[in-house]
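Asks: First, the structure itself, so that you have it in front of you.
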Amino acid sequence: MTSNERKKQLILHAEEVFSKVKEYQDMGLICKDGDFVPSVHYPPITRYPDTNADECLKDFEYPADGFMDVYVHIPFCIRHCLFCHYPGKTGECRDEKEKYVSYLIREIDLYLKRFNIEKLKPRSILLGGGTPTYLPPQLFDHLLEELGKRMDMSCCKQYNVDHDPNSIIGEEGEQRLKIMKKHGITRLTIGIQSLDDDVLKVMNRSHNAEQAEEAVRKAVEYGFDVNIEFIYGHPGETIDNWIEVMDRAVRLPVGEIQIYRLKVQAYGDRQGKINTYEGGRQGTAIPDFKTTMMMKQIAIDILNENGYHETLRRVYAKDKRVFSHYAYNQCCNMYDQVGFGLTGFSSYHDRFDINSQYFDEYYSKIDSGELPITRGCRRSREEQIRQAIILPLKNRSVIKSDFLRKTGVNFDDVFQKKTETLKKYGLIEDNGKVVKLTEIGGFLADEVCEQYNSNMYKPFPRENFADGPLNPYLDNELSE
């Protein structure tokens with residue numbers, strides 16, 4: 001098959017899939033304008049009321065086995081990307097970085113004191129941001145050293161760090177790779193986002209495609225498990241250059257590739273400039289809904305034909321045993337997870353909290369001997385049930401025995417009409433023990449899983465959806 005024939009085949013299949021997507025949109029599953037909100041937490045992370053540590057953590061029962069998954073947030077980057085929805089500081093700001101790291105360590109110590117434990121026992125750790133490796137090497141080494149003193153690593157299965165490509169190349173990059181190896185980090189996620197230099201410029205990324213590929217080779221050379229990320233539906237992307245990017249991506253020596261759709265409206269604590277973006281030169285407008293969905297299917301087809309298959313939602317690996325333990329533990333097992341740092345969030349078995357998004361407030365609370373929690377909630381019984389469907393279903397599957405253990409109710413006794421409707425229209429399947437999304441259901445995973453959101457947490461008003469059998473406001477009572 002020639003390259004042109006293959007391209008036509010990829011486009012034809014993507015158009016066929018979009019025709020199905022359009023049918024579901026006309027039935028009310030998808031917002032009329034095609035917009036979406038990623039189903040990452042429940043209730044959604046932007047909807048938590050104000051609170052404080054004493055109120056939110058009152059009567060909290062520490063896990064009996066003592067384990068937590070751990071998130072550490074580093075809110076520094078070289079520059080803000082066009083698509084970014086998270087607060088942080090850009091540029092060198094070395095004094096600020098040193099101050100922040102010192103307060104981050106103090107926050108962890110406050111946590112240990114509050115829960116009367118000597119060390120955390122992580123199943124997995126994720127350092128995210130921001131760009132953790134944008135810390136100067138010596139400060140980065142100090143942070144990892146201090147984290148190590150406060151962690152019992154004997155049962156930690158995976159130690160992850162997020163990166164920008166140019167933070168692990170060059171002389172300083174080499175130092176950071178050595179530092180991470182020394183401290184037992186096992187998995188690197190590299191935010192490549194594109195391998196098209198023109199698209200990277202529109203994104204306001206600080207690297208080019210050649211630097212991204214160099215970063216991947218360096219990380220692999222040092223023996224890390226490597227996961228690389230790409231955005232689809234971004235200004236500057238076309239079907240043609242997206243095919244080229246995905247073809248280039250699968251030739252890189254990595255075992256794991258993830259793709260995610262551009263989000264225009266904020267789902268973090270900072271509204272990115274993307275929501276006011278009107279396009280620069282010709283061809284850099286935000287792609288329309290059809291083009292964006294076609295990009296997604298084209299990526300899936302290219303990944304599949306090169307031996308990559310979905311392990312967690314929107315993440316593809318050559319080995320099904322390769323995936324983020326942090327994401328799996330939080331979203332599928334719903335284990336207790338604690339987060340530190342600016343906007344760091346904790347997702348516990350019965351509640352959720354998130355730290356301040358403001359540097360001064362974060363510092364002030366720690367100076368007062370208080371954990372810097374500013375928002376959060378304890379989930380009601382109904383919210384627990386909804387969460388136990390939405391997160392596992394979105395990311396892998398609902399195992400009915402686990403659902404019963406976590407909620408005290410049988411899956412078959414709740415949301416019966418809604419579940420039957422989703423089965424009727426080919427979006428979920430149930431073998432009696434496990435409920436999971438079908439192929440097309442997985443393609444539309446956010447929209448399908450948000451069917452189980454309570455009405456107050458639906459991503460859009462009822463009138464934004466067609467008045468069809470899959471309108472998410474229908475049959476939305478618990479119904480047990």
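Convention: chains lettered A, B, ... in structure tokens order; per-chain residue numbering from 1; ligands numbered from 1 as shown.
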Can you pull out every residue within 12 Å of stretch 424-432 of chain A, counting only C-alpha atoms, but drop anything in the same chain fewer than 4 positions away, and send it as number ranges by chain?
Replies: A: 20-21, 23-24, 27-29, 393-394, 396-401, 410-412, 417-420, 436-449, 451, 468-470
Asks: For C-alpha atoms, I'd like the residues from the last selection saved as a JSON list (two decimals), in the first residue's frame.
Replies:
```json
[["chain", "number", "residue", "atom", "x", "y", "z"],
["A", 20, "LYS", "CA", -21.39, 7.26, 14.39],
["A", 21, "VAL", "CA", -20.29, 10.04, 16.73],
["A", 23, "GLU", "CA", -25.54, 9.93, 15.47],
["A", 24, "TYR", "CA", -24.82, 9.85, 19.20],
["A", 27, "MET", "CA", -29.38, 11.43, 20.31],
["A", 28, "GLY", "CA", -28.21, 13.81, 23.05],
["A", 29, "LEU", "CA", -25.03, 12.10, 24.27],
["A", 393, "LEU", "CA", -15.81, 2.86, 34.00],
["A", 394, "LYS", "CA", -14.01, 5.79, 32.38],
["A", 396, "ARG", "CA", -11.04, 0.57, 32.59],
["A", 397, "SER", "CA", -14.14, -1.20, 33.99],
["A", 398, "VAL", "CA", -16.50, -1.55, 36.94],
["A", 399, "ILE", "CA", -15.95, -4.87, 38.69],
["A", 400, "LYS", "CA", -19.24, -5.59, 40.41],
["A", 401, "SER", "CA", -17.75, -7.33, 43.43],
["A", 410, "ASN", "CA", -25.14, -4.00, 44.15],
["A", 411, "PHE", "CA", -24.37, -2.33, 40.84],
["A", 412, "ASP", "CA", -27.47, -3.91, 39.31],
["A", 417, "LYS", "CA", -32.90, 2.59, 33.40],
["A", 418, "LYS", "CA", -29.83, 4.62, 32.48],
["A", 419, "THR", "CA", -27.60, 1.55, 32.34],
["A", 420, "GLU", "CA", -30.12, -0.33, 30.19],
["A", 436, "LYS", "CA", -17.12, -1.81, 30.64],
["A", 437, "LEU", "CA", -17.33, 0.55, 27.71],
["A", 438, "THR", "CA", -17.68, -0.83, 24.20],
["A", 439, "GLU", "CA", -15.26, 0.29, 21.50],
["A", 440, "ILE", "CA", -17.40, 3.28, 20.54],
["A", 441, "GLY", "CA", -18.23, 3.85, 24.22],
["A", 442, "GLY", "CA", -14.51, 4.08, 24.96],
["A", 443, "PHE", "CA", -14.10, 6.54, 22.09],
["A", 444, "LEU", "CA", -16.74, 8.71, 23.80],
["A", 445, "ALA", "CA", -15.70, 7.79, 27.33],
["A", 446, "ASP", "CA", -16.06, 11.21, 28.95],
["A", 447, "GLU", "CA", -19.58, 11.72, 27.63],
["A", 448, "VAL", "CA", -20.72, 8.19, 28.46],
["A", 449, "CYS", "CA", -19.39, 8.28, 32.02],
["A", 451, "GLN", "CA", -24.23, 10.19, 32.13],
["A", 468, "GLY", "CA", -32.98, 12.48, 22.45],
["A", 469, "PRO", "CA", -32.86, 9.16, 24.31],
["A", 470, "LEU", "CA", -29.26, 9.77, 25.43]]
```
Asks: Can you pull out the residues contacting A:Arg94? Cut-off 9 Å, using only C-alpha atoms, and skip same-chain residues under 5 positions away; I want them as a PyMOL selection string.
Replies: chain A and resi 99+135-136
Asks: From the list A:Asp69, A:Glu98, A:Glu213, A:Glu145, which residue is nearest A:Tyr159 when using only C-alpha atoms?
Replies: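 Between A:Asp69, A:Glu98, A:Glu213, A:Glu145, the residue approaching A:Tyr159 most closely is A:Asp69.
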Asks: Would you please give, as an MDAnalysis selection string, all residues of stretch 125-244 of chain A that DSSP assigns to strand (DSSP E) based on the backbone?
Replies: chainID A and resid 125:129 158:163 187:193 225:232
Asks: Convert the current residue selection to file output with C-alpha atoms, as a PDB file, in the first residue's frame.
Replies:
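The resulting file, out_18.pdb, is reproduced below:
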```
ATOM      1  CA  ILE A 125       4.560   8.530  43.566  1.00  0.00           C
ATOM      2  CA  LEU A 126       3.985  11.191  40.913  1.00  0.00           C
ATOM      3  CA  LEU A 127       5.895  14.462  40.719  1.00  0.00           C
ATOM      4  CA  GLY A 128       3.880  16.689  38.421  1.00  0.00           C
ATOM      5  CA  GLY A 129       3.452  20.313  37.514  1.00  0.00           C
ATOM      6  CA  GLN A 158       6.424   3.047  40.551  1.00  0.00           C
ATOM      7  CA  TYR A 159       8.052   6.474  40.924  1.00  0.00           C
ATOM      8  CA  ASN A 160       6.962   8.886  38.197  1.00  0.00           C
ATOM      9  CA  VAL A 161       8.156  12.352  37.152  1.00  0.00           C
ATOM     10  CA  ASP A 162       6.609  14.634  34.498  1.00  0.00           C
ATOM     11  CA  HIS A 163       8.981  16.517  32.176  1.00  0.00           C
ATOM     12  CA  ARG A 187       9.072   6.227  34.967  1.00  0.00           C
ATOM     13  CA  LEU A 188       9.234   9.498  33.018  1.00  0.00           C
ATOM     14  CA  THR A 189       6.319  11.170  31.279  1.00  0.00           C
ATOM     15  CA  ILE A 190       7.594  13.557  28.619  1.00  0.00           C
ATOM     16  CA  GLY A 191       5.144  16.215  27.451  1.00  0.00           C
ATOM     17  CA  ILE A 192       6.041  16.340  23.781  1.00  0.00           C
ATOM     18  CA  GLN A 193       2.530  17.505  22.670  1.00  0.00           C
ATOM     19  CA  ASP A 225      10.249   3.577  31.424  1.00  0.00           C
ATOM     20  CA  VAL A 226       9.132   6.345  29.086  1.00  0.00           C
ATOM     21  CA  ASN A 227       5.624   7.621  28.391  1.00  0.00           C
ATOM     22  CA  ILE A 228       5.114  10.449  25.868  1.00  0.00           C
ATOM     23  CA  GLU A 229       2.099  12.767  25.545  1.00  0.00           C
ATOM     24  CA  PHE A 230       0.406  14.414  22.568  1.00  0.00           C
ATOM     25  CA  ILE A 231      -2.496  16.866  22.206  1.00  0.00           C
ATOM     26  CA  TYR A 232      -4.979  16.585  19.345  1.00  0.00           C
TER      27      TYR A 232
END
```
Asks: Please identify every residue of stretch 44-148 of chain A that has at least one atom no farther than 7 Å from an atom of stretch 167-179 of chain A, counting only C-alpha atoms, and for each give the shortest atom pair and the distance in Å to one decimal, arranged by chain then increasing number, as CSV.
Replies:
```
residue,atom,partner,partner_atom,distance
A:Thr133,CA,A:Ser167,CA,5.8
A:Tyr134,CA,A:Ser167,CA,5.9
A:Pro137,CA,A:Arg176,CA,5.7
A:Asp141,CA,A:Ile179,CA,6.0
```
Asks: Counting only C-alpha atoms, which residue out of A:Thr407, A:Ser454, A:Gln416, A:Ser346 sits closest to A:Cys377?
Replies: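 Closest candidate: A:Ser346.
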Asks: Determine, counting only C-alpha atoms, which protein, DNA and RNA residues have an atom within 10 Å of an atom of A:Leu303; residues of the same chain fewer than 3 positions away are not included. Present the result as a list in words.
Replies: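 Contacts, with the query itself left out: Met246, Asp247, Ala249, Val250, Ile257, Gln258, Gln297, Ile298, Ala299, Ile300, Asn306, Gly307, Tyr308, His309, Glu310, Tyr316, Ala317 and Lys318 of chain A.
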Asks: For A:Leu342, which of A:Tyr277, A:Tyr42, A:Tyr86, A:Phe415 is the closest residue, counting only C-alpha atoms?
Replies: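 With only C-alpha atoms as the atom set, the closest residue is A:Tyr86.
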Asks: Please, what distance in Å, to one decimal, runs between atom CA of A:Pro43 and atom CA of A:Gly341?
Replies: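 Taking atom CA of A:Pro43 as the start and atom CA of A:Gly341 as the end point, the length is 21.0 Å.
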Asks: Could you check which of A:Leu371, A:Pro63, A:Ser356, A:Ser19 is closest to A:Leu112, using only C-alpha atoms?
Replies: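 With only C-alpha atoms as the atom set, the closest residue is A:Leu371.
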Asks: Go through A:Val70, A:Ala212, A:Ile354, A:Val17 one by one, measure the shortest atom-to-atom distance of each to A:Thr291 using only C-alpha atoms, and give the residue with the smallest value.
Replies: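 Once distances to A:Thr291 are computed over only C-alpha atoms, the minimum belongs to A:Val17.
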Asks: Here is a test: counting only C-alpha atoms, which residue of A:Cys81, A:Leu474, A:Val40, A:Cys332 is nearest to A:Arg205?
Replies: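 The closest residue to A:Arg205 is A:Cys81.
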Asks: Could you state the separation of atom CA of A:Phe140 and atom CA of A:Glu370 in Å, given to one decimal place?
Replies: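 Here the two named atoms are 25.0 Å from each other.
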